[in-house]
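Structure file final10.txt (compact mmCIF, C-alpha atoms and all ligand atoms) is printed below.
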# COMPACT_ATOMS: atom_id res chain seq x y z
CA MET M 21 148.58 146.08 99.61
CA TYR M 22 145.25 144.72 98.59
CA MET M 23 142.04 143.83 100.49
CA CYS M 24 140.82 140.57 99.01
CA GLY M 25 137.51 140.46 97.21
CA ASP M 26 136.07 143.83 98.27
CA HIS M 27 136.41 146.15 95.31
CA ILE M 28 136.13 143.43 92.71
CA THR M 29 132.69 142.26 93.82
CA PHE M 30 131.35 145.77 94.36
CA GLU M 31 132.44 146.84 90.86
CA LEU M 32 131.05 143.58 89.47
CA SER M 33 127.71 144.18 91.19
CA MET M 34 127.53 147.72 89.79
CA LYS M 35 128.23 146.35 86.32
CA GLN M 36 125.62 143.60 86.55
CA LEU M 37 122.98 145.83 88.09
CA MET M 38 123.40 149.02 86.08
CA SER M 39 126.30 148.72 83.60
CA VAL M 40 128.41 151.16 85.61
CA ASP M 41 132.12 150.85 84.83
CA PRO M 42 134.68 150.93 87.65
CA GLY M 43 135.68 154.48 88.55
CA GLU M 44 135.44 157.29 91.06
CA TRP M 45 131.64 157.26 91.13
CA SER M 46 131.42 153.61 92.17
CA ARG M 47 134.34 153.97 94.61
CA ASN M 48 132.53 156.84 96.38
CA LEU M 49 129.30 154.88 96.38
CA MET M 50 131.09 151.91 97.94
CA LYS M 51 132.33 154.11 100.80
CA GLU M 52 128.78 155.24 101.59
CA TYR M 53 127.52 151.69 101.18
CA MET M 54 130.04 150.41 103.75
CA LEU M 55 128.88 153.03 106.27
CA MET M 56 125.30 151.95 105.62
CA ILE M 57 126.15 148.27 106.26
CA GLU M 58 127.86 149.11 109.55
CA GLY M 59 124.52 150.51 110.71
CA PHE M 60 122.93 147.06 110.37
CA PHE M 61 124.84 146.00 113.45
CA SER M 62 124.35 149.04 115.66
CA ILE M 63 121.68 150.05 118.16
CA PRO M 64 118.92 151.44 115.92
CA ILE M 65 118.37 154.61 117.95
CA ALA M 66 119.85 157.68 116.26
CA LEU M 67 120.20 159.61 119.51
CA PHE M 68 122.52 157.01 121.10
CA SER M 69 124.41 155.52 118.18
CA PRO M 70 126.74 157.58 115.97
CA THR M 71 127.20 154.48 113.76
CA TYR M 72 123.45 154.29 113.20
CA ARG M 73 123.24 158.04 112.48
CA LYS M 74 126.06 157.76 109.94
CA ALA M 75 124.40 154.72 108.37
CA ILE M 76 121.07 156.50 107.90
CA LYS M 77 122.85 159.46 106.30
CA ALA M 78 124.87 157.11 104.07
CA ARG M 79 121.73 155.23 102.97
CA GLY M 80 120.28 158.58 101.91
CA LYS M 81 123.35 159.26 99.78
CA VAL M 82 123.29 155.78 98.23
CA VAL M 83 119.59 156.18 97.41
CA ASP M 84 120.18 159.65 95.89
CA ALA M 85 123.04 158.40 93.73
CA LEU M 86 121.07 155.38 92.48
CA SER M 87 117.90 157.47 91.93
CA LEU M 88 119.83 159.75 89.58
CA VAL M 89 120.98 156.78 87.49
CA VAL M 90 117.48 155.27 87.42
CA ARG M 91 115.88 158.60 86.37
CA GLU M 92 118.47 159.14 83.66
CA ARG M 93 118.07 155.60 82.31
CA ARG M 94 114.25 155.86 82.34
CA ARG M 95 114.51 159.08 80.34
CA GLU M 96 116.84 157.41 77.82
CA SER M 97 114.61 154.36 77.44
CA GLU M 98 111.51 156.54 76.94
CA LYS M 99 113.38 158.33 74.16
CA GLY M 100 113.88 154.91 72.55
CA GLY M 101 117.60 154.60 73.44
CA GLU M 102 119.34 151.26 73.10
CA ARG M 103 118.45 148.76 75.86
CA LYS M 104 121.39 147.77 78.04
CA ASN M 105 121.96 144.21 79.13
CA ASP M 106 121.61 144.61 82.91
CA MET M 107 119.22 144.26 85.83
CA LEU M 108 118.12 147.91 85.68
CA ALA M 109 117.03 147.54 82.05
CA ALA M 110 114.86 144.54 82.99
CA LEU M 111 113.29 146.43 85.90
CA LEU M 112 112.60 149.54 83.80
CA ALA M 113 111.09 147.48 81.00
CA GLY M 114 108.86 145.68 83.51
CA ASP M 115 110.03 142.26 82.26
CA GLY M 116 107.73 139.65 83.75
CA GLY M 117 104.71 141.94 83.39
CA VAL M 118 105.28 144.12 86.47
CA GLY M 119 105.85 147.86 86.19
CA PHE M 120 107.98 149.37 88.96
CA SER M 121 108.23 152.97 90.14
CA ASP M 122 111.68 154.58 90.41
CA GLU M 123 111.46 154.29 94.18
CA GLU M 124 110.74 150.57 94.02
CA ILE M 125 113.60 150.02 91.59
CA VAL M 126 116.07 151.87 93.83
CA ASP M 127 114.91 149.87 96.84
CA PHE M 128 115.37 146.67 94.85
CA LEU M 129 118.88 147.66 93.75
CA VAL M 130 119.90 148.49 97.33
CA SER M 131 118.49 145.14 98.55
CA LEU M 132 120.40 143.23 95.89
CA LEU M 133 123.61 145.05 96.75
CA VAL M 134 123.14 144.14 100.41
CA ALA M 135 122.27 140.48 99.67
CA GLY M 136 124.81 139.86 96.92
CA TYR M 137 127.86 141.98 97.51
CA GLU M 138 129.19 141.52 101.05
CA THR M 139 128.32 137.80 101.11
CA THR M 140 130.34 137.09 97.97
CA SER M 141 133.29 139.34 98.76
CA THR M 142 133.64 137.88 102.26
CA SER M 143 133.55 134.35 100.82
CA MET M 144 136.32 135.33 98.38
CA THR M 145 138.40 136.75 101.22
CA LEU M 146 137.98 133.60 103.29
CA ALA M 147 138.81 131.36 100.32
CA VAL M 148 142.11 133.25 100.00
CA LYS M 149 142.79 132.86 103.71
CA PHE M 150 142.01 129.13 103.76
CA LEU M 151 144.11 128.49 100.64
CA THR M 152 147.02 130.50 102.02
CA GLU M 153 146.95 128.26 105.08
CA THR M 154 146.61 125.06 103.01
CA PRO M 155 149.45 125.14 100.44
CA LEU M 156 148.65 121.67 99.04
CA ALA M 157 145.13 122.78 98.14
CA LEU M 158 146.46 126.00 96.62
CA ALA M 159 148.95 124.06 94.49
CA GLN M 160 146.25 121.66 93.24
CA LEU M 161 143.90 124.56 92.48
CA LYS M 162 146.61 126.38 90.59
CA ASP M 163 147.40 123.27 88.50
CA GLU M 164 143.72 123.00 87.56
CA HIS M 165 143.55 126.62 86.43
CA ASP M 166 146.96 126.71 84.72
CA GLU M 167 145.74 123.79 82.65
CA ILE M 168 142.57 125.66 81.64
CA ARG M 169 144.60 128.77 80.80
CA ALA M 170 147.08 126.75 78.74
CA ARG M 171 144.13 125.39 76.72
CA LYS M 172 142.69 128.83 76.11
CA GLY M 173 145.66 131.10 75.63
CA GLU M 174 146.42 134.16 77.69
CA VAL M 175 143.44 136.47 77.20
CA GLU M 176 140.45 134.38 76.10
CA ALA M 177 137.56 134.70 78.57
CA LEU M 178 136.29 131.73 80.55
CA GLU M 179 133.15 130.03 79.31
CA TRP M 180 130.52 127.82 80.90
CA GLU M 181 132.31 124.68 79.64
CA ASP M 182 135.48 125.82 81.45
CA TYR M 183 133.49 126.43 84.61
CA LYS M 184 132.13 122.91 84.37
CA SER M 185 135.66 121.52 84.03
CA MET M 186 136.98 122.73 87.40
CA PRO M 187 136.20 119.82 89.75
CA PHE M 188 138.71 120.79 92.40
CA THR M 189 137.61 124.44 92.33
CA HIS M 190 134.06 123.34 93.14
CA CYS M 191 135.47 121.42 96.12
CA VAL M 192 137.33 124.56 97.29
CA VAL M 193 134.21 126.71 96.89
CA ASN M 194 131.99 124.23 98.78
CA GLU M 195 134.51 123.87 101.58
CA THR M 196 134.89 127.65 101.89
CA LEU M 197 131.11 128.10 102.09
CA ARG M 198 130.82 125.26 104.62
CA ILE M 199 133.36 126.65 107.05
CA ALA M 200 132.69 130.35 106.46
CA ASN M 201 128.91 130.27 107.05
CA ILE M 202 128.63 133.84 105.87
CA ILE M 203 124.94 133.63 106.70
CA GLY M 204 124.93 131.68 109.96
CA GLY M 205 121.26 130.74 109.81
CA VAL M 206 117.79 131.59 108.58
CA PHE M 207 114.51 132.47 110.29
CA ARG M 208 111.29 130.63 109.59
CA ARG M 209 107.78 130.87 111.06
CA ALA M 210 105.84 127.67 111.64
CA MET M 211 102.61 127.91 109.60
CA THR M 212 101.21 124.90 111.40
CA ASP M 213 102.30 122.68 114.32
CA VAL M 214 105.47 120.93 113.18
CA THR M 215 106.87 117.82 114.85
CA ILE M 216 110.53 117.07 114.32
CA LYS M 217 111.97 114.05 116.14
CA ASP M 218 110.45 114.42 119.64
CA TYR M 219 109.90 118.17 119.51
CA THR M 220 106.82 120.07 118.45
CA ILE M 221 107.15 123.62 117.16
CA PRO M 222 103.75 125.23 117.72
CA LYS M 223 102.03 127.08 114.90
CA GLY M 224 103.07 130.75 114.77
CA TRP M 225 106.43 130.26 116.52
CA LYS M 226 109.54 131.70 114.96
CA VAL M 227 112.49 129.38 114.53
CA PHE M 228 116.12 130.13 113.82
CA ALA M 229 117.63 127.30 111.79
CA SER M 230 121.38 127.42 112.39
CA LEU M 231 123.21 126.50 109.20
CA ARG M 232 126.54 126.91 111.00
CA ALA M 233 125.64 124.31 113.66
CA VAL M 234 124.97 121.74 110.94
CA HIS M 235 127.98 122.62 108.77
CA LEU M 236 130.35 122.33 111.71
CA ASN M 237 128.81 119.17 113.15
CA PRO M 238 131.46 116.40 113.24
CA GLU M 239 128.71 113.81 112.81
CA TYR M 240 128.29 115.05 109.26
CA PHE M 241 131.75 116.41 108.48
CA LYS M 242 134.85 114.68 109.88
CA ASP M 243 137.26 117.19 111.52
CA ALA M 244 134.56 119.71 110.79
CA ARG M 245 136.65 122.78 111.59
CA THR M 246 139.48 121.80 109.26
CA PHE M 247 139.55 123.22 105.73
CA ASN M 248 139.63 120.05 103.68
CA PRO M 249 138.42 120.58 100.09
CA TRP M 250 139.20 116.92 99.27
CA ARG M 251 136.24 115.82 101.41
CA TRP M 252 134.01 116.93 98.52
CA GLN M 253 135.61 114.54 96.06
CA SER M 254 133.23 111.73 95.23
CA ASN M 255 135.72 109.08 96.38
CA SER M 256 136.42 110.72 99.75
CA GLY M 257 134.10 108.37 101.62
CA GLU M 258 132.33 111.21 103.44
CA ILE M 259 128.58 111.18 103.88
CA ASN M 260 126.06 112.28 101.30
CA THR M 261 125.83 115.98 102.08
CA ALA M 262 122.73 116.81 100.02
CA ASN M 263 120.51 117.44 103.05
CA VAL M 264 123.03 118.92 105.41
CA PHE M 265 124.95 121.33 103.21
CA THR M 266 122.80 124.43 102.81
CA PRO M 267 125.00 127.57 102.73
CA PHE M 268 122.31 129.26 100.60
CA GLY M 269 119.37 128.27 102.78
CA GLY M 270 116.63 126.03 101.47
CA GLY M 271 113.07 125.70 100.21
CA PRO M 272 111.22 128.38 98.26
CA ARG M 273 113.27 131.14 99.91
CA ARG M 274 116.64 129.65 98.97
CA CYS M 275 119.10 132.32 97.86
CA PRO M 276 118.31 133.20 94.23
CA GLY M 277 121.92 134.32 93.74
CA TYR M 278 123.44 130.94 94.65
CA GLU M 279 124.68 129.93 91.20
CA LEU M 280 125.93 133.44 90.43
CA ALA M 281 127.86 133.55 93.70
CA LYS M 282 129.52 130.20 92.99
CA VAL M 283 130.49 131.28 89.47
CA GLU M 284 131.89 134.57 90.79
CA LEU M 285 133.99 132.71 93.32
CA ALA M 286 135.35 130.29 90.72
CA VAL M 287 136.17 133.04 88.22
CA PHE M 288 137.83 135.11 90.94
CA LEU M 289 139.98 132.13 91.98
CA HIS M 290 140.89 131.45 88.36
CA HIS M 291 142.31 134.93 87.82
CA LEU M 292 143.89 135.04 91.24
CA VAL M 293 145.87 131.80 91.00
CA THR M 294 146.84 132.12 87.35
CA ARG M 295 148.10 135.70 87.58
CA LEU M 296 149.18 136.48 91.10
CA SER M 297 151.01 135.16 94.08
CA TRP M 298 150.56 136.69 97.50
CA VAL M 299 151.47 136.69 101.16
CA PRO M 300 149.39 138.00 104.06
CA ALA M 301 150.34 141.60 104.83
CA GLU M 302 149.70 141.34 108.56
CA GLU M 303 148.24 139.11 111.26
CA ASP M 304 144.47 138.92 111.02
CA LYS M 305 141.71 137.07 112.82
CA LEU M 306 138.49 135.39 111.74
CA VAL M 307 135.56 136.80 113.76
CA PHE M 308 131.95 135.66 113.80
CA PHE M 309 130.10 138.55 115.40
CA PRO M 310 128.13 140.48 114.29
CA THR M 311 128.97 138.81 110.97
CA THR M 312 131.57 136.32 109.77
CA ARG M 313 134.57 138.22 108.44
CA MET M 314 138.26 138.84 108.83
CA GLN M 315 138.82 141.55 111.41
CA LYS M 316 141.12 143.58 109.13
CA ARG M 317 139.59 142.31 105.85
CA TYR M 318 142.70 140.15 105.28
CA PRO M 319 145.11 142.50 103.55
CA ILE M 320 147.62 140.72 101.29
CA ILE M 321 150.70 141.76 99.37
CA ILE M 322 150.40 140.63 95.79
CA GLN M 323 152.93 140.00 93.08
CA HIS M 324 152.33 139.37 89.40
CA GLN M 325 153.51 135.93 88.39
CA GLU M 326 156.43 135.72 85.97
CA LYS M 327 155.21 134.39 82.67
CA PRO M 328 156.94 131.14 81.65
CA ALA M 329 159.31 131.62 78.71
CA SER M 330 157.37 130.72 75.58
CA LYS M 331 158.24 127.41 74.00
CA VAL M 332 159.89 127.48 70.60
C1 LIG A 1 128.46 133.46 98.91
C2 LIG A 1 127.45 134.25 98.62
C3 LIG A 1 126.06 134.14 99.17
C4 LIG A 1 125.60 133.46 100.27
C5 LIG A 1 126.38 132.58 101.25
C6 LIG A 1 124.16 133.72 100.34
C7 LIG A 1 123.33 133.15 101.29
C8 LIG A 1 121.98 133.43 101.39
C9 LIG A 1 121.09 132.84 102.38
C10 LIG A 1 121.49 131.80 103.45
C11 LIG A 1 119.85 133.36 102.17
C12 LIG A 1 118.57 133.01 102.95
C13 LIG A 1 117.89 131.87 102.25
C14 LIG A 1 116.75 131.23 103.02
O1 LIG A 1 116.04 131.96 103.75
O2 LIG A 1 116.55 130.00 102.88
C15 LIG A 1 119.95 134.29 101.06
C16 LIG A 1 118.89 135.03 100.56
C17 LIG A 1 119.00 135.88 99.47
N1 LIG A 1 120.08 136.10 98.67
FE1 LIG A 1 121.92 135.24 98.92
N2 LIG A 1 123.79 134.53 99.31
C18 LIG A 1 124.91 134.82 98.55
C19 LIG A 1 124.97 135.59 97.41
C20 LIG A 1 123.90 136.23 96.82
C21 LIG A 1 123.95 136.95 95.56
C22 LIG A 1 125.18 137.06 94.66
C23 LIG A 1 122.70 137.49 95.37
C24 LIG A 1 122.15 138.32 94.23
C25 LIG A 1 122.86 138.95 93.35
C26 LIG A 1 121.88 137.09 96.49
C27 LIG A 1 120.56 137.46 96.67
C28 LIG A 1 119.76 137.01 97.69
C29 LIG A 1 118.37 137.42 97.88
C30 LIG A 1 117.60 138.44 97.02
C31 LIG A 1 117.89 136.72 99.00
C32 LIG A 1 116.48 136.78 99.62
C33 LIG A 1 115.62 135.67 99.03
C34 LIG A 1 114.24 135.59 99.66
O3 LIG A 1 114.07 136.00 100.81
O4 LIG A 1 113.32 135.09 98.99
N3 LIG A 1 122.64 136.33 97.35
N4 LIG A 1 121.25 134.29 100.57
Go ahead and render the structure in this file as structure tokens.
Ligand code: HEM
Amino acid sequence: MYMCGDHITFELSMKQLMSVDPGEWSRNLMKEYMLMIEGFFSIPIALFSPTYRKAIKARGKVVDALSLVVRERRRESEKGGERKNDMLAALLAGDGGVGFSDEEIVDFLVSLLVAGYETTSTSMTLAVKFLTETPLALAQLKDEHDEIRARKGEVEALEWEDYKSMPFTHCVVNETLRIANIIGGVFRRAMTDVTIKDYTIPKGWKVFASLRAVHLNPEYFKDARTFNPWRWQSNSGEINTANVFTPFGGGPRRCPGYELAKVELAVFLHHLVTRLSWVPAEEDKLVFFPTTRMQKRYPIIIQHQEKPASKV
């Protein structure tokens, strides 16, 4: 039995951030990390909330584990060791002209894990759920990826050109992000009086812009609660979504990981549909509070696909 998305994205994040290969160390770190995340949605008073107490303890362990790696890597780089191709190397080298202390680097790594890991893995999980419930979309997606695989042979890695030649996958990714609303909205503070339609938001007020309310508005998206990846095809006749589709927020604070997240989703779907078939392992439910996720993390039973007999 397999929980969609979870381990893959955590391992991927560890690789991108600090070149750590999958193994016991990252598995243990992930356990502590999950405890830490649970604390985000608890009453932040240690005396009353065991979840919060556990989360604080877990954050300490995550910070200790990452601090060790940062110290070790700083030592290596000061000795003139070979520079690795990851985020930690850039932070240690002060690329962009800023030098960071070890503490700042660890804080940065934790923030990136929080912003980039759970969001992407939950989106992957929901993509699997929506596709499982929409067999026509799954079949079309599989055709698209089987075609790419047939072009490339069995083991050759995907390249940017391949990513650009997955039109239906982009529709599936957009539609997943639209319905999932992993981040339901963003906060903004009015720097000056702002008038929108007949309302004035006074300077200094905080506003919560609900991305979910817009993405599920039937004025913009017909049958807004239905997973319909075809609506993103240019000939679908749906409205121009440029201003109303903002799963990554907008303006100067728009998610800096937006392109990475979309590539990760597409690559995940490629390997999933070309190698595996699956069925849900048990009943599960989509919940929206405190965050959007599947209640049981959508466990599935997977099977490796039989390879077609090679042509003579
Ligand atoms: C499906 C995956 C993801 C979704 C839906 C998502 C969504 C968002 C949203 C809505 C915001 C707030 C933007 C705003 O205030 O306008 C945000 C901020 C941010 N995201 Fe993402 N994100 C995803 C993946 C990632 C990844 C992979 C990374 C990095 C590896 C990342 C890093 C960040 C950071 C650092 C911020 C804060 C930016 C700032 O405040 O200036 N995110 N994300």
Next item on the list: Give the answer as one residue: which of M:Phe228, M:Trp45, M:Phe61, M:Phe268 has the shortest atom-to-atom distance to ligand LIG 1 (chain A), using only C-alpha atoms and all ligand atoms?
Entry: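 Residue with the minimum atom-to-atom distance to ligand LIG 1 (chain A): M:Phe268.
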Note to self: With distances taken over all atoms listed in the file, which residue among M:Ser230, M:Thr215, M:Thr71, M:Ser39 lies nearest ligand LIG 1 (chain A)?
What the structure shows: M:Ser230
Tell me, counting all atoms listed in the file, for each residue of chain M within 9 Å of ligand LIG 1 (chain A), which pair of atoms is nearest and how far apart they are in Å to one decimal, in rows ordered by chain and increasing number, as a Markdown table.
| residue | atom | partner | partner_atom | distance |
| --- | --- | --- | --- | --- |
| M:Ser33 | CA | A:LIG1 | C25 | 7.5 |
| M:Gln36 | CA | A:LIG1 | C25 | 8.7 |
| M:Leu37 | CA | A:LIG1 | C25 | 8.7 |
| M:Phe128 | CA | A:LIG1 | C30 | 8.8 |
| M:Ser131 | CA | A:LIG1 | C30 | 6.9 |
| M:Leu132 | CA | A:LIG1 | C24 | 5.5 |
| M:Leu133 | CA | A:LIG1 | C25 | 7.0 |
| M:Val134 | CA | A:LIG1 | C27 | 8.1 |
| M:Ala135 | CA | A:LIG1 | C27 | 4.6 |
| M:Gly136 | CA | A:LIG1 | C21 | 3.3 |
| M:Tyr137 | CA | A:LIG1 | C22 | 6.3 |
| M:Glu138 | CA | A:LIG1 | C2 | 7.9 |
| M:Thr139 | CA | A:LIG1 | C2 | 4.4 |
| M:Thr140 | CA | A:LIG1 | C2 | 4.1 |
| M:Ser141 | CA | A:LIG1 | C1 | 7.6 |
| M:Thr142 | CA | A:LIG1 | C1 | 7.6 |
| M:Ser143 | CA | A:LIG1 | C1 | 5.5 |
| M:Met144 | CA | A:LIG1 | C1 | 8.1 |
| M:Leu197 | CA | A:LIG1 | C5 | 6.6 |
| M:Ala200 | CA | A:LIG1 | C5 | 8.5 |
| M:Asn201 | CA | A:LIG1 | C5 | 6.7 |
| M:Ile202 | CA | A:LIG1 | C5 | 5.3 |
| M:Ile203 | CA | A:LIG1 | C10 | 5.1 |
| M:Gly204 | CA | A:LIG1 | C10 | 7.4 |
| M:Gly205 | CA | A:LIG1 | C10 | 6.5 |
| M:Val206 | CA | A:LIG1 | O1 | 5.2 |
| M:Phe207 | CA | A:LIG1 | O1 | 6.7 |
| M:Arg208 | CA | A:LIG1 | O1 | 7.6 |
| M:Leu231 | CA | A:LIG1 | C10 | 8.0 |
| M:Thr266 | CA | A:LIG1 | C10 | 7.5 |
| M:Pro267 | CA | A:LIG1 | C5 | 5.4 |
| M:Phe268 | CA | A:LIG1 | C10 | 3.9 |
| M:Gly269 | CA | A:LIG1 | O2 | 3.3 |
| M:Gly270 | CA | A:LIG1 | O2 | 4.2 |
| M:Gly271 | CA | A:LIG1 | O2 | 6.1 |
| M:Pro272 | CA | A:LIG1 | O4 | 7.1 |
| M:Arg273 | CA | A:LIG1 | O4 | 4.1 |
| M:Arg274 | CA | A:LIG1 | O2 | 3.9 |
| M:Cys275 | CA | A:LIG1 | C16 | 3.8 |
| M:Pro276 | CA | A:LIG1 | C28 | 5.3 |
| M:Gly277 | CA | A:LIG1 | C23 | 3.6 |
| M:Tyr278 | CA | A:LIG1 | C19 | 5.6 |
| M:Glu279 | CA | A:LIG1 | C22 | 7.9 |
| M:Leu280 | CA | A:LIG1 | C22 | 5.6 |
| M:Ala281 | CA | A:LIG1 | C22 | 4.5 |
| M:Lys282 | CA | A:LIG1 | C1 | 6.8 |
| M:Glu284 | CA | A:LIG1 | C22 | 8.1 |
| M:Leu285 | CA | A:LIG1 | C1 | 7.9 |
Mind dumping the selected residues with C-alpha atoms as a PDB file, in the coordinates of the input?
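Saved as part-v2.pdb:
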ATOM      1  CA  SER M  33     127.710 144.180  91.190  1.00  0.00           C
ATOM      2  CA  GLN M  36     125.620 143.600  86.550  1.00  0.00           C
ATOM      3  CA  LEU M  37     122.980 145.830  88.090  1.00  0.00           C
ATOM      4  CA  PHE M 128     115.370 146.670  94.850  1.00  0.00           C
ATOM      5  CA  SER M 131     118.490 145.140  98.550  1.00  0.00           C
ATOM      6  CA  LEU M 132     120.400 143.230  95.890  1.00  0.00           C
ATOM      7  CA  LEU M 133     123.610 145.050  96.750  1.00  0.00           C
ATOM      8  CA  VAL M 134     123.140 144.140 100.410  1.00  0.00           C
ATOM      9  CA  ALA M 135     122.270 140.480  99.670  1.00  0.00           C
ATOM     10  CA  GLY M 136     124.810 139.860  96.920  1.00  0.00           C
ATOM     11  CA  TYR M 137     127.860 141.980  97.510  1.00  0.00           C
ATOM     12  CA  GLU M 138     129.190 141.520 101.050  1.00  0.00           C
ATOM     13  CA  THR M 139     128.320 137.800 101.110  1.00  0.00           C
ATOM     14  CA  THR M 140     130.340 137.090  97.970  1.00  0.00           C
ATOM     15  CA  SER M 141     133.290 139.340  98.760  1.00  0.00           C
ATOM     16  CA  THR M 142     133.640 137.880 102.260  1.00  0.00           C
ATOM     17  CA  SER M 143     133.550 134.350 100.820  1.00  0.00           C
ATOM     18  CA  MET M 144     136.320 135.330  98.380  1.00  0.00           C
ATOM     19  CA  LEU M 197     131.110 128.100 102.090  1.00  0.00           C
ATOM     20  CA  ALA M 200     132.690 130.350 106.460  1.00  0.00           C
ATOM     21  CA  ASN M 201     128.910 130.270 107.050  1.00  0.00           C
ATOM     22  CA  ILE M 202     128.630 133.840 105.870  1.00  0.00           C
ATOM     23  CA  ILE M 203     124.940 133.630 106.700  1.00  0.00           C
ATOM     24  CA  GLY M 204     124.930 131.680 109.960  1.00  0.00           C
ATOM     25  CA  GLY M 205     121.260 130.740 109.810  1.00  0.00           C
ATOM     26  CA  VAL M 206     117.790 131.590 108.580  1.00  0.00           C
ATOM     27  CA  PHE M 207     114.510 132.470 110.290  1.00  0.00           C
ATOM     28  CA  ARG M 208     111.290 130.630 109.590  1.00  0.00           C
ATOM     29  CA  LEU M 231     123.210 126.500 109.200  1.00  0.00           C
ATOM     30  CA  THR M 266     122.800 124.430 102.810  1.00  0.00           C
ATOM     31  CA  PRO M 267     125.000 127.570 102.730  1.00  0.00           C
ATOM     32  CA  PHE M 268     122.310 129.260 100.600  1.00  0.00           C
ATOM     33  CA  GLY M 269     119.370 128.270 102.780  1.00  0.00           C
ATOM     34  CA  GLY M 270     116.630 126.030 101.470  1.00  0.00           C
ATOM     35  CA  GLY M 271     113.070 125.700 100.210  1.00  0.00           C
ATOM     36  CA  PRO M 272     111.220 128.380  98.260  1.00  0.00           C
ATOM     37  CA  ARG M 273     113.270 131.140  99.910  1.00  0.00           C
ATOM     38  CA  ARG M 274     116.640 129.650  98.970  1.00  0.00           C
ATOM     39  CA  CYS M 275     119.100 132.320  97.860  1.00  0.00           C
ATOM     40  CA  PRO M 276     118.310 133.200  94.230  1.00  0.00           C
ATOM     41  CA  GLY M 277     121.920 134.320  93.740  1.00  0.00           C
ATOM     42  CA  TYR M 278     123.440 130.940  94.650  1.00  0.00           C
ATOM     43  CA  GLU M 279     124.680 129.930  91.200  1.00  0.00           C
ATOM     44  CA  LEU M 280     125.930 133.440  90.430  1.00  0.00           C
ATOM     45  CA  ALA M 281     127.860 133.550  93.700  1.00  0.00           C
ATOM     46  CA  LYS M 282     129.520 130.200  92.990  1.00  0.00           C
ATOM     47  CA  GLU M 284     131.890 134.570  90.790  1.00  0.00           C
ATOM     48  CA  LEU M 285     133.990 132.710  93.320  1.00  0.00           C
TER      49      LEU M 285
END
Item checked: Separation of CA of Leu55 (chain M) from CA of Gly80 (chain M) in Å -> 11.1 Å
Just the residues within 12 Å of Glu239 (chain M), please, counting all atoms listed in the file, with nothing from its chain fewer than 3 positions along; format it as an mmCIF file with C-alpha atoms, keeping the file's coordinate frame.
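See around-v5.cif below for the written result:
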data_model
loop_
_atom_site.group_PDB
_atom_site.id
_atom_site.type_symbol
_atom_site.label_atom_id
_atom_site.label_comp_id
_atom_site.auth_asym_id
_atom_site.auth_seq_id
_atom_site.Cartn_x
_atom_site.Cartn_y
_atom_site.Cartn_z
ATOM 1 C CA ALA M 233 125.640 124.310 113.660
ATOM 2 C CA VAL M 234 124.970 121.740 110.940
ATOM 3 C CA HIS M 235 127.980 122.620 108.770
ATOM 4 C CA LEU M 236 130.350 122.330 111.710
ATOM 5 C CA LYS M 242 134.850 114.680 109.880
ATOM 6 C CA ASP M 243 137.260 117.190 111.520
ATOM 7 C CA ALA M 244 134.560 119.710 110.790
ATOM 8 C CA GLU M 258 132.330 111.210 103.440
ATOM 9 C CA ILE M 259 128.580 111.180 103.880
ATOM 10 C CA ASN M 260 126.060 112.280 101.300
ATOM 11 C CA THR M 261 125.830 115.980 102.080
ATOM 12 C CA VAL M 264 123.030 118.920 105.410
#
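CA of Lys35 (chain M) lies 14.9 Å from CA of Leu111 (chain M).
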